[in-house]
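Coordinates as given in coords.cif (mmCIF, N, CA and C atoms):
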data_query
loop_
_atom_site.label_atom_id
_atom_site.label_comp_id
_atom_site.auth_asym_id
_atom_site.auth_seq_id
_atom_site.Cartn_x
_atom_site.Cartn_y
_atom_site.Cartn_z
N MET A 17 -58.09 -1.41 -26.35
CA MET A 17 -58.53 -2.79 -26.27
C MET A 17 -59.90 -2.89 -26.93
N ILE A 18 -60.09 -3.97 -27.66
CA ILE A 18 -61.38 -4.27 -28.29
C ILE A 18 -61.84 -5.62 -27.76
N TYR A 19 -63.07 -5.66 -27.31
CA TYR A 19 -63.68 -6.91 -26.84
C TYR A 19 -64.69 -7.36 -27.89
N GLU A 20 -64.53 -8.59 -28.37
CA GLU A 20 -65.44 -9.14 -29.36
C GLU A 20 -66.30 -10.22 -28.72
N PHE A 21 -67.60 -10.18 -29.01
CA PHE A 21 -68.53 -11.20 -28.54
C PHE A 21 -69.70 -11.24 -29.52
N GLU A 22 -69.99 -12.46 -29.96
CA GLU A 22 -71.00 -12.69 -31.00
C GLU A 22 -70.76 -11.70 -32.13
N GLN A 23 -71.77 -10.94 -32.53
CA GLN A 23 -71.59 -10.01 -33.65
C GLN A 23 -71.19 -8.61 -33.19
N PHE A 24 -70.78 -8.47 -31.95
CA PHE A 24 -70.46 -7.17 -31.36
C PHE A 24 -68.96 -6.98 -31.15
N GLU A 25 -68.57 -5.70 -31.15
CA GLU A 25 -67.23 -5.29 -30.77
C GLU A 25 -67.38 -4.09 -29.84
N LEU A 26 -66.74 -4.16 -28.69
CA LEU A 26 -66.70 -3.02 -27.78
C LEU A 26 -65.28 -2.46 -27.86
N ASP A 27 -65.17 -1.29 -28.43
CA ASP A 27 -63.87 -0.63 -28.65
C ASP A 27 -63.69 0.43 -27.56
N LEU A 28 -62.83 0.12 -26.59
CA LEU A 28 -62.64 1.04 -25.46
C LEU A 28 -61.91 2.31 -25.87
N ALA A 29 -60.98 2.22 -26.81
CA ALA A 29 -60.24 3.40 -27.24
C ALA A 29 -61.17 4.42 -27.90
N ARG A 30 -62.12 3.93 -28.64
CA ARG A 30 -63.09 4.82 -29.31
C ARG A 30 -64.36 5.01 -28.49
N PHE A 31 -64.47 4.28 -27.37
CA PHE A 31 -65.66 4.31 -26.52
C PHE A 31 -66.89 4.10 -27.40
N GLU A 32 -66.89 2.92 -28.07
CA GLU A 32 -67.91 2.64 -29.07
C GLU A 32 -68.26 1.16 -29.07
N LEU A 33 -69.55 0.89 -29.21
CA LEU A 33 -70.03 -0.48 -29.39
C LEU A 33 -70.47 -0.59 -30.84
N ARG A 34 -70.01 -1.66 -31.51
CA ARG A 34 -70.39 -1.89 -32.90
C ARG A 34 -71.07 -3.25 -33.03
N LYS A 35 -72.08 -3.30 -33.88
CA LYS A 35 -72.75 -4.55 -34.21
C LYS A 35 -72.54 -4.76 -35.70
N ASN A 36 -71.91 -5.89 -36.04
CA ASN A 36 -71.58 -6.18 -37.43
C ASN A 36 -70.85 -5.01 -38.08
N GLY A 37 -69.97 -4.36 -37.31
CA GLY A 37 -69.15 -3.27 -37.83
C GLY A 37 -69.80 -1.90 -37.80
N GLU A 38 -71.10 -1.83 -37.50
CA GLU A 38 -71.81 -0.56 -37.48
C GLU A 38 -71.96 -0.06 -36.04
N PRO A 39 -71.66 1.23 -35.80
CA PRO A 39 -71.79 1.77 -34.44
C PRO A 39 -73.23 1.68 -33.92
N CYS A 40 -73.37 1.34 -32.66
CA CYS A 40 -74.66 1.29 -31.98
C CYS A 40 -74.86 2.60 -31.23
N THR A 41 -76.09 3.03 -31.15
CA THR A 41 -76.41 4.24 -30.41
C THR A 41 -76.83 3.87 -29.00
N LEU A 42 -76.09 4.37 -28.01
CA LEU A 42 -76.47 4.17 -26.62
C LEU A 42 -75.84 5.25 -25.77
N GLU A 43 -76.44 5.47 -24.62
CA GLU A 43 -75.97 6.51 -23.71
C GLU A 43 -74.57 6.17 -23.20
N PRO A 44 -73.75 7.19 -22.96
CA PRO A 44 -72.39 6.94 -22.45
C PRO A 44 -72.36 6.12 -21.16
N GLN A 45 -73.32 6.35 -20.26
CA GLN A 45 -73.33 5.61 -19.01
C GLN A 45 -73.67 4.13 -19.23
N VAL A 46 -74.50 3.86 -20.21
CA VAL A 46 -74.83 2.47 -20.55
C VAL A 46 -73.60 1.79 -21.14
N LEU A 47 -72.89 2.51 -22.00
CA LEU A 47 -71.66 1.97 -22.58
C LEU A 47 -70.61 1.74 -21.49
N ALA A 48 -70.51 2.65 -20.55
CA ALA A 48 -69.56 2.49 -19.44
C ALA A 48 -69.93 1.28 -18.59
N LEU A 49 -71.21 1.06 -18.35
CA LEU A 49 -71.67 -0.11 -17.60
C LEU A 49 -71.31 -1.39 -18.34
N LEU A 50 -71.56 -1.42 -19.62
CA LEU A 50 -71.24 -2.59 -20.43
C LEU A 50 -69.74 -2.87 -20.40
N ALA A 51 -68.93 -1.83 -20.54
CA ALA A 51 -67.48 -1.99 -20.48
C ALA A 51 -67.04 -2.53 -19.12
N LEU A 52 -67.62 -2.01 -18.06
CA LEU A 52 -67.28 -2.46 -16.71
C LEU A 52 -67.60 -3.94 -16.52
N LEU A 53 -68.78 -4.35 -16.95
CA LEU A 53 -69.18 -5.75 -16.80
C LEU A 53 -68.30 -6.68 -17.65
N ILE A 54 -67.96 -6.24 -18.85
CA ILE A 54 -67.11 -7.06 -19.72
C ILE A 54 -65.69 -7.16 -19.15
N GLU A 55 -65.16 -6.06 -18.68
CA GLU A 55 -63.80 -6.08 -18.14
C GLU A 55 -63.70 -6.97 -16.89
N HIS A 56 -64.79 -7.13 -16.17
CA HIS A 56 -64.81 -7.95 -14.94
C HIS A 56 -65.67 -9.19 -15.13
N ARG A 57 -65.73 -9.71 -16.35
CA ARG A 57 -66.62 -10.82 -16.70
C ARG A 57 -66.30 -12.13 -15.98
N GLU A 58 -65.12 -12.23 -15.42
CA GLU A 58 -64.73 -13.46 -14.74
C GLU A 58 -65.40 -13.62 -13.38
N ARG A 59 -66.12 -12.57 -12.96
CA ARG A 59 -66.73 -12.63 -11.63
C ARG A 59 -68.02 -11.82 -11.58
N LEU A 60 -68.75 -12.04 -10.52
CA LEU A 60 -69.96 -11.29 -10.23
C LEU A 60 -69.58 -9.89 -9.76
N MET A 61 -70.31 -8.89 -10.22
CA MET A 61 -70.12 -7.52 -9.72
C MET A 61 -71.35 -7.15 -8.91
N SER A 62 -71.12 -6.78 -7.67
CA SER A 62 -72.24 -6.39 -6.81
C SER A 62 -72.78 -5.02 -7.25
N LYS A 63 -74.02 -4.77 -6.88
CA LYS A 63 -74.63 -3.46 -7.18
C LYS A 63 -73.79 -2.35 -6.54
N GLU A 64 -73.34 -2.58 -5.33
CA GLU A 64 -72.56 -1.57 -4.62
C GLU A 64 -71.27 -1.23 -5.37
N GLU A 65 -70.61 -2.26 -5.89
CA GLU A 65 -69.36 -2.04 -6.64
C GLU A 65 -69.64 -1.26 -7.92
N ILE A 66 -70.72 -1.60 -8.60
CA ILE A 66 -71.10 -0.88 -9.82
C ILE A 66 -71.42 0.57 -9.49
N PHE A 67 -72.18 0.79 -8.41
CA PHE A 67 -72.49 2.16 -8.00
C PHE A 67 -71.20 2.95 -7.75
N GLU A 68 -70.26 2.34 -7.05
CA GLU A 68 -69.00 3.01 -6.72
C GLU A 68 -68.20 3.35 -7.97
N LYS A 69 -68.11 2.41 -8.90
CA LYS A 69 -67.27 2.63 -10.08
C LYS A 69 -67.92 3.54 -11.12
N LEU A 70 -69.23 3.42 -11.32
CA LEU A 70 -69.89 4.24 -12.35
C LEU A 70 -70.38 5.58 -11.85
N TRP A 71 -70.82 5.62 -10.62
CA TRP A 71 -71.39 6.85 -10.10
C TRP A 71 -70.48 7.48 -9.05
N ASP A 72 -69.29 6.94 -8.88
CA ASP A 72 -68.28 7.51 -7.99
C ASP A 72 -68.82 7.79 -6.59
N GLY A 73 -69.63 6.86 -6.10
CA GLY A 73 -70.14 6.99 -4.74
C GLY A 73 -71.36 7.88 -4.59
N ARG A 74 -71.78 8.56 -5.68
CA ARG A 74 -72.99 9.39 -5.58
C ARG A 74 -74.19 8.50 -5.29
N VAL A 75 -75.14 9.04 -4.60
CA VAL A 75 -76.33 8.27 -4.24
C VAL A 75 -77.24 8.15 -5.46
N VAL A 76 -77.48 6.92 -5.87
CA VAL A 76 -78.43 6.63 -6.95
C VAL A 76 -79.28 5.44 -6.50
N THR A 77 -80.41 5.30 -7.12
CA THR A 77 -81.33 4.24 -6.72
C THR A 77 -81.06 2.96 -7.51
N ASP A 78 -81.57 1.86 -6.99
CA ASP A 78 -81.50 0.59 -7.72
C ASP A 78 -82.19 0.72 -9.07
N ALA A 79 -83.27 1.51 -9.11
CA ALA A 79 -84.01 1.70 -10.37
C ALA A 79 -83.13 2.32 -11.45
N THR A 80 -82.22 3.20 -11.06
CA THR A 80 -81.30 3.81 -12.02
C THR A 80 -80.40 2.75 -12.64
N LEU A 81 -79.84 1.90 -11.79
CA LEU A 81 -78.97 0.82 -12.29
C LEU A 81 -79.77 -0.14 -13.16
N LEU A 82 -80.95 -0.52 -12.72
CA LEU A 82 -81.76 -1.46 -13.49
C LEU A 82 -82.16 -0.87 -14.84
N SER A 83 -82.36 0.43 -14.90
CA SER A 83 -82.66 1.10 -16.16
C SER A 83 -81.48 0.99 -17.12
N ARG A 84 -80.25 1.17 -16.61
CA ARG A 84 -79.05 1.07 -17.44
C ARG A 84 -78.82 -0.37 -17.89
N ILE A 85 -79.09 -1.34 -17.01
CA ILE A 85 -78.96 -2.75 -17.37
C ILE A 85 -79.95 -3.08 -18.50
N LYS A 86 -81.17 -2.61 -18.35
CA LYS A 86 -82.20 -2.86 -19.37
C LYS A 86 -81.79 -2.26 -20.71
N SER A 87 -81.25 -1.05 -20.70
CA SER A 87 -80.80 -0.40 -21.94
C SER A 87 -79.66 -1.18 -22.59
N ALA A 88 -78.72 -1.65 -21.77
CA ALA A 88 -77.60 -2.45 -22.29
C ALA A 88 -78.13 -3.73 -22.92
N ARG A 89 -79.05 -4.39 -22.25
CA ARG A 89 -79.63 -5.62 -22.79
C ARG A 89 -80.36 -5.35 -24.10
N GLN A 90 -81.10 -4.25 -24.17
CA GLN A 90 -81.85 -3.94 -25.38
C GLN A 90 -80.93 -3.77 -26.58
N VAL A 91 -79.83 -3.03 -26.40
CA VAL A 91 -78.92 -2.81 -27.53
C VAL A 91 -78.25 -4.11 -27.98
N LEU A 92 -78.11 -5.06 -27.05
CA LEU A 92 -77.50 -6.35 -27.37
C LEU A 92 -78.52 -7.36 -27.88
N GLY A 93 -79.80 -7.00 -27.83
CA GLY A 93 -80.84 -7.94 -28.25
C GLY A 93 -81.09 -9.01 -27.20
N ASP A 94 -80.79 -8.69 -25.97
CA ASP A 94 -80.94 -9.60 -24.84
C ASP A 94 -82.19 -9.18 -24.06
N SER A 95 -82.55 -9.96 -23.09
CA SER A 95 -83.67 -9.59 -22.23
C SER A 95 -83.42 -10.12 -20.83
N GLY A 96 -84.22 -9.64 -19.90
CA GLY A 96 -84.11 -10.14 -18.53
C GLY A 96 -84.48 -11.61 -18.44
N LYS A 97 -85.21 -12.08 -19.44
CA LYS A 97 -85.64 -13.47 -19.43
C LYS A 97 -84.56 -14.40 -20.00
N THR A 98 -83.98 -14.03 -21.14
CA THR A 98 -82.97 -14.91 -21.76
C THR A 98 -81.60 -14.77 -21.12
N GLN A 99 -81.20 -13.56 -20.79
CA GLN A 99 -79.92 -13.27 -20.14
C GLN A 99 -78.73 -13.95 -20.84
N ARG A 100 -78.66 -13.82 -22.15
CA ARG A 100 -77.55 -14.36 -22.94
C ARG A 100 -76.24 -13.63 -22.66
N PHE A 101 -76.33 -12.34 -22.37
CA PHE A 101 -75.14 -11.52 -22.18
C PHE A 101 -74.95 -11.09 -20.73
N ILE A 102 -75.98 -10.50 -20.16
CA ILE A 102 -75.89 -9.98 -18.80
C ILE A 102 -76.80 -10.80 -17.90
N LYS A 103 -76.18 -11.49 -16.97
CA LYS A 103 -76.93 -12.35 -16.05
C LYS A 103 -77.16 -11.61 -14.74
N THR A 104 -78.39 -11.66 -14.27
CA THR A 104 -78.73 -11.10 -12.97
C THR A 104 -78.68 -12.21 -11.93
N ILE A 105 -77.93 -12.00 -10.89
CA ILE A 105 -77.92 -12.91 -9.75
C ILE A 105 -78.68 -12.15 -8.66
N TYR A 106 -79.94 -12.51 -8.50
CA TYR A 106 -80.84 -11.75 -7.64
C TYR A 106 -80.29 -11.59 -6.23
N GLY A 107 -80.34 -10.33 -5.77
CA GLY A 107 -79.87 -10.01 -4.44
C GLY A 107 -78.36 -9.90 -4.33
N LYS A 108 -77.65 -10.21 -5.41
CA LYS A 108 -76.17 -10.21 -5.38
C LYS A 108 -75.58 -9.19 -6.35
N GLY A 109 -75.97 -9.26 -7.63
CA GLY A 109 -75.38 -8.36 -8.62
C GLY A 109 -75.55 -8.87 -10.03
N PHE A 110 -74.55 -8.56 -10.87
CA PHE A 110 -74.63 -8.86 -12.30
C PHE A 110 -73.31 -9.42 -12.81
N ARG A 111 -73.41 -10.16 -13.90
CA ARG A 111 -72.20 -10.71 -14.50
C ARG A 111 -72.39 -10.80 -16.01
N PHE A 112 -71.35 -10.44 -16.77
CA PHE A 112 -71.37 -10.61 -18.22
C PHE A 112 -70.98 -12.05 -18.51
N VAL A 113 -71.87 -12.81 -19.19
CA VAL A 113 -71.66 -14.25 -19.31
C VAL A 113 -71.38 -14.75 -20.72
N ALA A 114 -71.48 -13.90 -21.73
CA ALA A 114 -71.18 -14.34 -23.10
C ALA A 114 -69.68 -14.55 -23.26
N ASP A 115 -69.31 -15.40 -24.21
CA ASP A 115 -67.90 -15.61 -24.52
C ASP A 115 -67.33 -14.34 -25.14
N VAL A 116 -66.19 -13.90 -24.63
CA VAL A 116 -65.56 -12.66 -25.06
C VAL A 116 -64.12 -12.95 -25.48
N THR A 117 -63.71 -12.33 -26.57
CA THR A 117 -62.32 -12.37 -26.99
C THR A 117 -61.76 -10.96 -26.90
N ALA A 118 -60.69 -10.80 -26.14
CA ALA A 118 -60.03 -9.50 -26.02
C ALA A 118 -58.96 -9.40 -27.10
N VAL A 119 -59.01 -8.32 -27.87
CA VAL A 119 -58.07 -8.12 -28.97
C VAL A 119 -57.36 -6.81 -28.75
N ASN A 120 -56.04 -6.86 -28.73
CA ASN A 120 -55.25 -5.65 -28.64
C ASN A 120 -55.47 -4.87 -29.92
N GLU A 121 -55.74 -3.59 -29.84
CA GLU A 121 -56.07 -2.78 -31.01
C GLU A 121 -54.95 -2.80 -32.05
N ALA A 122 -53.70 -2.75 -31.63
CA ALA A 122 -52.57 -2.77 -32.57
C ALA A 122 -52.51 -4.11 -33.30
N ALA A 123 -52.76 -5.20 -32.58
CA ALA A 123 -52.75 -6.52 -33.21
C ALA A 123 -53.89 -6.66 -34.19
N ALA A 124 -55.05 -6.08 -33.87
CA ALA A 124 -56.21 -6.15 -34.76
C ALA A 124 -55.92 -5.42 -36.06
N ALA A 125 -55.19 -4.31 -35.98
CA ALA A 125 -54.88 -3.52 -37.17
C ALA A 125 -53.92 -4.26 -38.10
N LEU A 126 -53.10 -5.15 -37.55
CA LEU A 126 -52.11 -5.86 -38.36
C LEU A 126 -52.51 -7.29 -38.69
N SER A 127 -53.70 -7.71 -38.26
CA SER A 127 -54.09 -9.10 -38.47
C SER A 127 -54.29 -9.39 -39.94
N PRO A 128 -54.04 -10.65 -40.36
CA PRO A 128 -54.24 -11.01 -41.76
C PRO A 128 -55.69 -10.76 -42.15
N GLY A 129 -55.84 -10.23 -43.37
CA GLY A 129 -57.18 -9.96 -43.85
C GLY A 129 -57.65 -8.56 -43.55
N SER A 130 -56.93 -7.85 -42.68
CA SER A 130 -57.34 -6.48 -42.41
C SER A 130 -56.80 -5.60 -43.53
N ALA A 131 -57.52 -4.56 -43.81
CA ALA A 131 -57.10 -3.66 -44.89
C ALA A 131 -55.83 -2.94 -44.48
N ARG A 132 -54.87 -2.91 -45.38
CA ARG A 132 -53.62 -2.20 -45.13
C ARG A 132 -53.44 -1.20 -46.24
N PRO A 133 -53.22 0.07 -45.90
CA PRO A 133 -53.08 1.06 -46.96
C PRO A 133 -51.86 0.77 -47.82
N SER A 134 -52.03 0.97 -49.10
CA SER A 134 -50.93 0.76 -50.04
C SER A 134 -50.01 1.96 -50.05
N ILE A 135 -48.72 1.71 -50.00
CA ILE A 135 -47.73 2.78 -50.07
C ILE A 135 -47.11 2.70 -51.46
N LYS A 136 -46.98 3.84 -52.13
CA LYS A 136 -46.45 3.85 -53.49
C LYS A 136 -45.12 3.13 -53.54
N GLY A 137 -45.01 2.18 -54.43
CA GLY A 137 -43.79 1.41 -54.57
C GLY A 137 -43.74 0.19 -53.67
N ASP A 138 -44.72 0.03 -52.82
CA ASP A 138 -44.78 -1.09 -51.87
C ASP A 138 -45.42 -2.28 -52.60
N PRO A 139 -44.66 -3.37 -52.79
CA PRO A 139 -45.26 -4.52 -53.46
C PRO A 139 -46.26 -5.19 -52.53
N ILE A 140 -47.46 -5.34 -53.01
CA ILE A 140 -48.51 -5.96 -52.20
C ILE A 140 -48.82 -7.34 -52.70
#
In structure tokens, write the structure found in this file.
Amino acid sequence: MIYEFEQFELDLARFELRKNGEPCTLEPQVLALLALLIEHRERLMSKEEIFEKLWDGRVVTDATLLSRIKSARQVLGDSGKTQRFIKTIYGKGFRFVADVTAVNEAAAALSPGSARPSIKGDPI
């Protein structure tokens, strides 16, 4: 599955975030957090739920989560002030709020305008 939002693509199969087609550099845990928030974008995710899903119940501090949120915002060009992508609901949790289009990877490969390899004898 590929999630598209603004100039970004989150490719779950490749576990990669791309901006304008170019891979972004970010820690795997930050990418996992971003994927989690995008996959559950229709609702608020509590800190406890995020801790359970990303850290598998291990004890981590709020500061650890806030550090990962900050890193995710930085790679997206967002901030705690603008919150274009990741919204903080104080005392409750976080929600991904940008418009997202989910694209099946197979459909994306066959979409019009996508490059298709030429097969010898194949009329293009």
Inset, instruction - Using atom N of Thr80 (chain A) and CA of Glu32 (chain A) as the two end points, give the distance in Å to one decimal. - result: 23.0 Å
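Evaluated on this file, the PyMOL selection byres ((chain A and resi 62) around 8) matches Arg59, Leu60, Met61, Lys63, Glu64, Glu65, Ile66, Phe67, Glu68, Gly107, Lys108, Gly109, Phe110 and Arg111 of chain A.
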Starting from 3 Å padding per side, set up an axis-aligned box that covers all listed atoms of region 26-45 of chain A and hand over centre and edge lengths in Å, one decimal, as lines of an AutoDock Vina configuration file.
center_x = -68.5
center_y = 0.5
center_z = -28.5
size_x = 22.6
size_y = 19.4
size_z = 25.1
Inset, instruction - Identify, with DSSP run on backbone atoms, the residues in region 25-128 of chain A assigned to strand (DSSP E or B), and express the list as number ranges by chain. - result: A: 25-27, 32-35, 38-39, 61-62, 102-105, 109-112, 117-119
Given the selection you just returned, output its residues as a file containing N, CA and C atoms, formatted as a PDB file, in the coordinates of the input.
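Wrote selection23.pdb, looks like this:
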ATOM      1  N   GLU A  25     -68.570  -5.700 -31.150  1.00  0.00           N
ATOM      2  CA  GLU A  25     -67.230  -5.290 -30.770  1.00  0.00           C
ATOM      3  C   GLU A  25     -67.380  -4.090 -29.840  1.00  0.00           C
ATOM      4  N   LEU A  26     -66.740  -4.160 -28.690  1.00  0.00           N
ATOM      5  CA  LEU A  26     -66.700  -3.020 -27.780  1.00  0.00           C
ATOM      6  C   LEU A  26     -65.280  -2.460 -27.860  1.00  0.00           C
ATOM      7  N   ASP A  27     -65.170  -1.290 -28.430  1.00  0.00           N
ATOM      8  CA  ASP A  27     -63.870  -0.630 -28.650  1.00  0.00           C
ATOM      9  C   ASP A  27     -63.690   0.430 -27.560  1.00  0.00           C
ATOM     10  N   GLU A  32     -66.890   2.920 -28.070  1.00  0.00           N
ATOM     11  CA  GLU A  32     -67.910   2.640 -29.070  1.00  0.00           C
ATOM     12  C   GLU A  32     -68.260   1.160 -29.070  1.00  0.00           C
ATOM     13  N   LEU A  33     -69.550   0.890 -29.210  1.00  0.00           N
ATOM     14  CA  LEU A  33     -70.030  -0.480 -29.390  1.00  0.00           C
ATOM     15  C   LEU A  33     -70.470  -0.590 -30.840  1.00  0.00           C
ATOM     16  N   ARG A  34     -70.010  -1.660 -31.510  1.00  0.00           N
ATOM     17  CA  ARG A  34     -70.390  -1.890 -32.900  1.00  0.00           C
ATOM     18  C   ARG A  34     -71.070  -3.250 -33.030  1.00  0.00           C
ATOM     19  N   LYS A  35     -72.080  -3.300 -33.880  1.00  0.00           N
ATOM     20  CA  LYS A  35     -72.750  -4.550 -34.210  1.00  0.00           C
ATOM     21  C   LYS A  35     -72.540  -4.760 -35.700  1.00  0.00           C
ATOM     22  N   GLU A  38     -71.100  -1.830 -37.500  1.00  0.00           N
ATOM     23  CA  GLU A  38     -71.810  -0.560 -37.480  1.00  0.00           C
ATOM     24  C   GLU A  38     -71.960  -0.060 -36.040  1.00  0.00           C
ATOM     25  N   PRO A  39     -71.660   1.230 -35.800  1.00  0.00           N
ATOM     26  CA  PRO A  39     -71.790   1.770 -34.440  1.00  0.00           C
ATOM     27  C   PRO A  39     -73.230   1.680 -33.920  1.00  0.00           C
ATOM     28  N   MET A  61     -70.310  -8.890 -10.220  1.00  0.00           N
ATOM     29  CA  MET A  61     -70.120  -7.520  -9.720  1.00  0.00           C
ATOM     30  C   MET A  61     -71.350  -7.150  -8.910  1.00  0.00           C
ATOM     31  N   SER A  62     -71.120  -6.780  -7.670  1.00  0.00           N
ATOM     32  CA  SER A  62     -72.240  -6.390  -6.810  1.00  0.00           C
ATOM     33  C   SER A  62     -72.780  -5.020  -7.250  1.00  0.00           C
ATOM     34  N   ILE A 102     -75.980 -10.500 -20.160  1.00  0.00           N
ATOM     35  CA  ILE A 102     -75.890  -9.980 -18.800  1.00  0.00           C
ATOM     36  C   ILE A 102     -76.800 -10.800 -17.900  1.00  0.00           C
ATOM     37  N   LYS A 103     -76.180 -11.490 -16.970  1.00  0.00           N
ATOM     38  CA  LYS A 103     -76.930 -12.350 -16.050  1.00  0.00           C
ATOM     39  C   LYS A 103     -77.160 -11.610 -14.740  1.00  0.00           C
ATOM     40  N   THR A 104     -78.390 -11.660 -14.270  1.00  0.00           N
ATOM     41  CA  THR A 104     -78.730 -11.100 -12.970  1.00  0.00           C
ATOM     42  C   THR A 104     -78.680 -12.210 -11.930  1.00  0.00           C
ATOM     43  N   ILE A 105     -77.930 -12.000 -10.890  1.00  0.00           N
ATOM     44  CA  ILE A 105     -77.920 -12.910  -9.750  1.00  0.00           C
ATOM     45  C   ILE A 105     -78.680 -12.150  -8.660  1.00  0.00           C
ATOM     46  N   GLY A 109     -75.970  -9.260  -7.630  1.00  0.00           N
ATOM     47  CA  GLY A 109     -75.380  -8.360  -8.620  1.00  0.00           C
ATOM     48  C   GLY A 109     -75.550  -8.870 -10.030  1.00  0.00           C
ATOM     49  N   PHE A 110     -74.550  -8.560 -10.870  1.00  0.00           N
ATOM     50  CA  PHE A 110     -74.630  -8.860 -12.300  1.00  0.00           C
ATOM     51  C   PHE A 110     -73.310  -9.420 -12.810  1.00  0.00           C
ATOM     52  N   ARG A 111     -73.410 -10.160 -13.900  1.00  0.00           N
ATOM     53  CA  ARG A 111     -72.200 -10.710 -14.500  1.00  0.00           C
ATOM     54  C   ARG A 111     -72.390 -10.800 -16.010  1.00  0.00           C
ATOM     55  N   PHE A 112     -71.350 -10.440 -16.770  1.00  0.00           N
ATOM     56  CA  PHE A 112     -71.370 -10.610 -18.220  1.00  0.00           C
ATOM     57  C   PHE A 112     -70.980 -12.050 -18.510  1.00  0.00           C
ATOM     58  N   THR A 117     -63.710 -12.330 -26.570  1.00  0.00           N
ATOM     59  CA  THR A 117     -62.320 -12.370 -26.990  1.00  0.00           C
ATOM     60  C   THR A 117     -61.760 -10.960 -26.900  1.00  0.00           C
ATOM     61  N   ALA A 118     -60.690 -10.800 -26.140  1.00  0.00           N
ATOM     62  CA  ALA A 118     -60.030  -9.500 -26.020  1.00  0.00           C
ATOM     63  C   ALA A 118     -58.960  -9.400 -27.100  1.00  0.00           C
ATOM     64  N   VAL A 119     -59.010  -8.320 -27.870  1.00  0.00           N
ATOM     65  CA  VAL A 119     -58.070  -8.120 -28.970  1.00  0.00           C
ATOM     66  C   VAL A 119     -57.360  -6.810 -28.750  1.00  0.00           C
TER      67      VAL A 119
END
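Of the residues listed (A:Val113, A:Pro44, A:Ala118, A:Leu49), A:Leu49 shows the shortest atom-to-atom separation from Lys86 (chain A); distances use only C-alpha atoms.
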Legend entry - Distance query Arg84 (chain A) at most 8 Å, only N, CA and C atoms, self and fewer than 3 positions along chain excluded, as a list in words: Gln45, Val46, Leu47, Leu49, Leu50, Asp78, Ala79, Thr80, Leu81, Ser87, Ala88, Arg89 and Gln90 of chain A
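Put simply, CA of Arg30 (chain A) is 26.1 Å away from CA of Ser95 (chain A).
If you look at atom C of Arg34 (chain A) and CA of Lys69 (chain A), they are 24.0 Å away from each other.
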Inset, instruction - Translate the PyMOL selection byres ((chain A and resi 19) around 7), as applied to the file shown, into an explicit residue set as a list of chain:residue names. - result: A:Met17, A:Ile18, A:Glu20, A:Phe21, A:Phe24, A:Glu25, A:Leu26, A:Asp27, A:Leu28, A:Val116, A:Thr117, A:Ala118, A:Val119
Legend entry - Every residue of region 26-131 of chain A that DSSP places in helix (DSSP H, G or I), as a PyMOL selection string: chain A and resi 44-55+63-71+78-92+121-126
